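Visitor: Dropping in model.txt, with compact mmCIF, C-alpha atoms.
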# COMPACT_ATOMS: atom_id res chain seq x y z
CA MET A 1 15.29 -15.05 -13.26
CA SER A 2 15.56 -11.58 -14.77
CA ASP A 3 17.58 -8.79 -13.27
CA VAL A 4 14.60 -6.45 -12.86
CA VAL A 5 14.85 -4.72 -9.47
CA ARG A 6 11.84 -3.15 -7.81
CA THR A 7 11.83 -1.46 -4.42
CA GLY A 8 9.14 -0.24 -2.11
CA GLY A 9 8.02 0.28 1.43
CA CYS A 10 5.39 1.51 3.79
CA GLN A 11 4.11 5.05 4.06
CA CYS A 12 6.37 6.07 6.95
CA GLY A 13 9.53 4.32 5.74
CA ALA A 14 9.98 1.95 8.69
CA ILE A 15 9.58 -1.03 6.32
CA ARG A 16 11.43 -1.28 2.98
CA PHE A 17 11.84 -4.16 0.53
CA ARG A 18 13.65 -5.14 -2.64
CA LEU A 19 12.24 -7.55 -5.24
CA VAL A 20 14.69 -8.91 -7.82
CA GLY A 21 13.27 -10.78 -10.82
CA ASP A 22 10.01 -10.97 -12.69
CA ALA A 23 6.77 -10.33 -10.82
CA PRO A 24 4.23 -10.60 -13.62
CA ASP A 25 1.26 -11.63 -11.51
CA ALA A 26 -0.31 -8.38 -10.37
CA SER A 27 -3.93 -8.79 -9.39
CA ILE A 28 -6.91 -7.28 -7.65
CA CYS A 29 -8.75 -9.25 -5.00
CA HIS A 30 -12.36 -8.35 -4.21
CA CYS A 31 -12.94 -10.85 -1.39
CA ARG A 32 -14.31 -9.45 1.86
CA MET A 33 -11.13 -10.31 3.80
CA CYS A 34 -9.01 -8.27 1.39
CA GLN A 35 -11.49 -5.39 1.47
CA LYS A 36 -11.21 -5.23 5.25
CA ALA A 37 -7.42 -5.75 5.31
CA PHE A 38 -6.91 -2.80 2.95
CA GLY A 39 -9.84 -0.69 4.13
CA ALA A 40 -10.78 -0.40 0.48
CA TYR A 41 -13.13 -1.75 -2.19
CA TYR A 42 -10.45 -4.24 -3.27
CA ALA A 43 -6.82 -5.15 -2.64
CA PRO A 44 -4.21 -4.66 -5.37
CA LEU A 45 -1.47 -7.27 -4.93
CA VAL A 46 1.71 -8.37 -6.73
CA ALA A 47 2.75 -12.00 -6.37
CA ALA A 48 6.47 -12.30 -5.64
CA SER A 49 6.41 -15.63 -7.56
CA GLU A 50 9.97 -16.68 -8.38
CA ALA A 51 11.44 -13.24 -7.68
CA GLU A 52 13.81 -12.83 -4.75
CA LEU A 53 12.19 -10.78 -1.98
CA THR A 54 14.41 -9.14 0.64
CA TRP A 55 13.21 -6.98 3.51
CA THR A 56 15.83 -4.22 3.67
CA ARG A 57 14.49 -2.24 6.62
CA GLY A 58 12.27 -3.10 9.54
CA GLN A 59 10.11 -6.06 10.36
CA LEU A 60 6.48 -6.67 9.59
CA LYS A 61 3.81 -7.31 12.18
CA TYR A 62 1.25 -9.94 11.27
CA PHE A 63 -2.45 -10.62 11.55
CA HIS A 64 -3.73 -14.11 10.76
CA SER A 65 -6.92 -13.36 8.83
CA SER A 66 -7.73 -17.06 8.46
CA ASN A 67 -6.29 -20.46 9.23
CA HIS A 68 -4.36 -20.30 5.93
CA VAL A 69 -3.44 -16.64 5.48
CA ARG A 70 -1.44 -14.08 7.39
CA ARG A 71 -1.14 -10.45 6.44
CA GLY A 72 1.91 -8.32 7.10
CA PHE A 73 1.68 -4.63 7.91
CA CYS A 74 3.77 -1.78 9.31
CA GLU A 75 3.10 -1.40 13.01
CA ASN A 76 4.11 2.28 12.80
CA CYS A 77 1.85 3.63 10.07
CA GLY A 78 -0.48 0.70 9.39
CA THR A 79 0.36 0.26 5.71
CA PRO A 80 -0.83 -3.16 4.50
CA MET A 81 2.26 -4.87 3.04
CA THR A 82 1.72 -8.59 2.39
CA TYR A 83 -0.71 -11.42 1.84
CA GLU A 84 1.01 -14.70 2.73
CA ALA A 85 -0.37 -18.20 2.15
CA ALA A 86 0.90 -21.68 1.32
CA ASP A 87 1.07 -20.80 -2.38
CA GLY A 88 3.36 -17.80 -1.83
CA ILE A 89 3.59 -14.18 -0.83
CA ALA A 90 2.03 -11.17 -2.50
CA ILE A 91 3.00 -7.58 -1.81
CA SER A 92 0.59 -4.66 -1.80
CA ALA A 93 0.88 -2.97 -5.19
CA GLY A 94 0.69 0.54 -3.74
CA SER A 95 3.74 -0.07 -1.56
CA PHE A 96 6.01 -0.37 -4.61
CA ASP A 97 7.96 2.79 -5.39
CA GLU A 98 6.62 2.67 -8.97
CA PRO A 99 3.25 0.90 -8.76
CA GLY A 100 2.28 2.00 -12.27
CA GLN A 101 4.80 -0.49 -13.67
CA LEU A 102 2.74 -3.40 -12.29
CA PRO A 103 -0.74 -3.27 -13.83
CA PRO A 104 -3.16 -5.99 -12.70
CA VAL A 105 -3.72 -8.88 -15.09
CA VAL A 106 -6.46 -10.77 -13.21
CA GLN A 107 -9.21 -10.25 -10.61
CA PHE A 108 -9.83 -12.71 -7.78
CA GLY A 109 -12.67 -13.03 -5.28
CA VAL A 110 -15.17 -11.51 -7.69
CA GLU A 111 -18.02 -12.95 -5.62
CA GLY A 112 -17.27 -10.08 -3.22
CA LYS A 113 -16.92 -7.40 -5.90
CA ILE A 114 -18.87 -4.26 -5.08
CA GLY A 115 -21.12 -3.36 -8.01
CA PHE A 116 -19.97 0.20 -8.60
CA VAL A 117 -16.27 -0.70 -8.86
CA ASP A 118 -16.62 -1.33 -12.59
CA ARG A 119 -17.95 2.21 -13.04
CA LEU A 120 -15.32 4.16 -11.09
CA HIS A 121 -13.78 5.44 -14.32
CA GLU A 122 -17.09 7.20 -15.07
CA LEU A 123 -16.89 9.45 -11.98
CA PRO A 124 -15.96 13.11 -12.39
CA GLU A 125 -12.25 13.76 -11.87
CA ARG A 126 -10.57 16.48 -9.84
CA ASP A 127 -6.97 17.31 -9.06
CA THR A 128 -6.11 17.60 -5.38
CA MET A 129 -5.61 21.36 -5.57
CA ASP A 130 -9.07 21.81 -7.10
CA ASP A 131 -10.35 21.57 -3.51
CA VAL A 132 -8.11 24.29 -2.02
CA ALA A 133 -11.02 26.72 -1.63
CA SER A 134 -12.99 24.30 0.55
CA ALA A 135 -9.88 22.78 2.18
CA PRO A 136 -7.38 25.66 2.51
CA PHE A 137 -4.92 23.51 4.48
CA LEU A 138 -3.97 21.95 1.12
CA ASP A 139 -2.24 25.19 0.13
CA ASP A 140 0.64 24.68 2.56
CA ILE A 141 0.54 20.94 3.18
CA VAL A 142 3.86 19.31 4.08
CA SER A 143 4.13 15.58 3.41
CA TYR A 144 5.83 13.41 6.01
CA GLN A 145 5.44 10.36 3.79
CA HIS A 146 8.64 8.46 3.01
CA PRO A 147 9.87 9.22 -0.53
CA ASP A 148 9.45 6.62 -3.26
CA HIS A 149 13.08 5.48 -3.11
CA ASP A 150 15.48 3.94 -0.62
CA THR A 151 17.05 6.26 1.94
CA GLU A 152 20.13 5.81 4.09
CA THR A 153 18.42 6.29 7.44
CA TRP A 154 15.15 5.96 9.23
CA PRO A 155 13.43 7.53 11.07
CA PRO A 156 13.71 10.94 9.50
CA GLU A 157 15.51 13.66 11.41
CA THR A 158 12.32 15.67 11.80
CA ALA A 159 9.32 13.73 12.97
CA PRO A 160 5.82 14.84 12.04
CA PRO A 161 4.01 16.83 14.71
CA GLU A 162 1.13 15.22 16.55
CA ILE A 163 -2.21 16.31 15.15
CA ALA A 164 -4.80 17.05 17.78
CA PRO A 165 -8.23 15.41 17.48
CA LYS A 166 -10.69 17.67 15.63
CA GLU A 167 -12.62 18.48 18.80
CA ASP A 168 -9.39 19.82 20.43
CA ARG A 169 -8.36 22.05 17.49
CA GLN A 170 -8.99 25.79 17.62
Let's see the structure in the file written out as structure tokens.

Guide:
Amino acid sequence: MSDVVRTGGCQCGAIRFRLVGDAPDASICHCRMCQKAFGAYYAPLVAASEAELTWTRGQLKYFHSSNHVRRGFCENCGTPMTYEAADGIAISAGSFDEPGQLPPVVQFGVEGKIGFVDRLHELPERDTMDDVASAPFLDDIVSYQHPDHDTETWPPETAPPEIAPKEDRQ
């Protein structure tokens, strides 16, 4: 096993993990179960394989999406974290602190692939701040997302304010 160390966690920071060793099997799954579990067109996953996975903060909640698979998620913020089956555990690629270091090498569940996914790279591109005129709240947005590195404590000292439903805002 190599000494490569990767860390990650959920959006709010309640769940953190450490993966030591090679994790070369990054993939995308297009099956309908993965689409629903991630609320997305596909699920990017990284198989833990022979690497040593340690949960360093918090505990996952689970949903059994089939008789063979359970999926771990953060009960606080809802971040999808794991796909777990008899053949091993895979971690959501986006929950790694540096997901760009784990490019997918294979696609699974292609029978469920949505046709336009292969053309996403053809769409016009815009930076987030390009929309500030139509979404002025972007100009002073404050992120309450956990940083992409381990921290000493959780929860943060200042909690995010509750956001009122749109119909209650003035």

Visitor: Pick the closest to Thr54 in chain A from A:Phe17, A:Phe96, A:Trp154, A:Tyr83: which is it, counting only C-alpha atoms?

Guide: A:Phe17

Visitor: Near Gln107 in chain A, within 7 Å and counting only C-alpha atoms, which residues show up once chain neighbours fewer than 3 positions away are dropped, as a list in words?

Guide: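 Listed by chain and then number, they are Ser27, Ile28, Cys29 and Val110 of chain A.
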
Visitor: Which polymer residues, protein or nucleic acid, are no farther than 10 Å from (4.3, -15.8, -0.7), counting only C-alpha atoms, as a list of chain:residue names?

Guide: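 Counting only C-alpha atoms, I find these residues within 10 Å of (4.3, -15.8, -0.7): A:Val46, A:Ala47, A:Ala48, A:Ser49, A:Glu50, A:Leu53, A:Val69, A:Thr82, A:Tyr83, A:Glu84, A:Ala85, A:Ala86, A:Asp87, A:Gly88, A:Ile89, A:Ala90, A:Ile91.
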
Visitor: What are the nearest atom pairs, with distances in Å to one decimal, for all residues of range 23-79 of chain A that come at most 12 Å from range 115-134 of chain A, using only C-alpha atoms, set out by chain and rising residue number as a Markdown table?

Guide:
| residue | atom | partner | partner_atom | distance |
| --- | --- | --- | --- | --- |
| A:Ile28 | CA | A:Val117 | CA | 11.5 |
| A:His30 | CA | A:Val117 | CA | 9.8 |
| A:Ala40 | CA | A:Val117 | CA | 10.8 |
| A:Tyr41 | CA | A:Val117 | CA | 7.4 |
| A:Tyr42 | CA | A:Val117 | CA | 8.8 |

Visitor: For Gly72 in chain A, find every residue with an atom within 8 Å (counting only C-alpha atoms), except residues of its own chain fewer than 2 positions away, and show them as a PyMOL selection string.

Guide: chain A and resi 60-63+70+74+80-84

Visitor: Which residue out of A:Ala26, A:Glu75, A:Asp3, A:Gly13 has the minimum interatomic distance to Gln101 in chain A when only C-alpha atoms are used?

Guide: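 Looking at the shortest contact to Gln101 in chain A, the residue is A:Ala26.
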
Visitor: CA of His68 in chain A to CA of Gly39 in chain A: how many Å, to one decimal?

Guide: 20.4 Å

Visitor: Which range 65-103 of chain A residues have any atom within 10 Å of an atom of range 136-152 of chain A, and for each, what is the nearest pair of atoms with distance in Å to one decimal, counting all atoms listed in the file, rows sorted by chain and number, as a tab-separated table?

Guide:
residue	atom	partner	partner_atom	distance
A:Cys77	CA	A:Gln145	CA	9.9
A:Ser95	CA	A:Asp148	CA	9.0
A:Phe96	CA	A:Asp148	CA	7.9
A:Asp97	CA	A:Asp148	CA	4.6
A:Glu98	CA	A:Asp148	CA	7.5

Visitor: Taking C-alpha atoms for each residue, export the selection above as an mmCIF file, keeping the file's coordinate frame.

Guide:
data_model
loop_
_atom_site.group_PDB
_atom_site.id
_atom_site.type_symbol
_atom_site.label_atom_id
_atom_site.label_comp_id
_atom_site.auth_asym_id
_atom_site.auth_seq_id
_atom_site.Cartn_x
_atom_site.Cartn_y
_atom_site.Cartn_z
ATOM 1 C CA CYS A 77 1.850 3.630 10.070
ATOM 2 C CA SER A 95 3.740 -0.070 -1.560
ATOM 3 C CA PHE A 96 6.010 -0.370 -4.610
ATOM 4 C CA ASP A 97 7.960 2.790 -5.390
ATOM 5 C CA GLU A 98 6.620 2.670 -8.970
#

Visitor: When you draw a straight line from CA of Gln11 in chain A to CA of Pro99 in chain A, how long is it in Å?

Guide: 13.5 Å

Visitor: Could you work out how far CA of Ser2 in chain A lies from CA of Leu45 in chain A, giving the answer in Å with one decimal?

Guide: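 Separation between CA of Leu45 in chain A and CA of Ser2 in chain A: 20.1 Å.
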
Visitor: Pick the closest to Ala51 in chain A from A:Arg6, A:His64, A:Lys113, A:Lys36: which is it, counting all atoms listed in the file?

Guide: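 Residue with the minimum atom-to-atom distance to Ala51 in chain A: A:Arg6.
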
Visitor: To box range 60-71 of chain A, take all atoms listed in the file, fit an axis-aligned box, add 6 Å on each side, and give centre and edge lengths in Å to one decimal, as JSON.

Guide:
{"center_x": -0.6, "center_y": -13.6, "center_z": 8.8, "size_x": 26.2, "size_y": 25.8, "size_z": 18.7}

Visitor: Identify which of the residues A:Glu52, A:Ala14, A:Met33, A:Val20 lies closest to Gly112 in chain A, counting all atoms listed in the file when measuring atom-to-atom distances.

Guide: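 Smallest separation from Gly112 in chain A among the options: A:Met33.
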
Visitor: May I have the residues within 6 Å of Ile15 in chain A as number ranges by chain, using all atoms listed in the file and disregarding those fewer than 6 positions away in the same chain?

Guide: A: 9, 57-58

Visitor: Could you check the closest approach to Asp25 in chain A for each of A:Pro104, A:Gly94, A:Gly8, A:Gly78 and tell me which residue wins, using all atoms listed in the file?

Guide: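 Smallest distance to Asp25 in chain A is found for A:Pro104.
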
Visitor: Taking all atoms listed in the file into account, name the residue in A:Pro103, A:Thr7, A:Asn76, A:Ile114 that is nearest to Pro155 in chain A.

Guide: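 With all atoms listed in the file as the atom set, the closest residue is A:Asn76.
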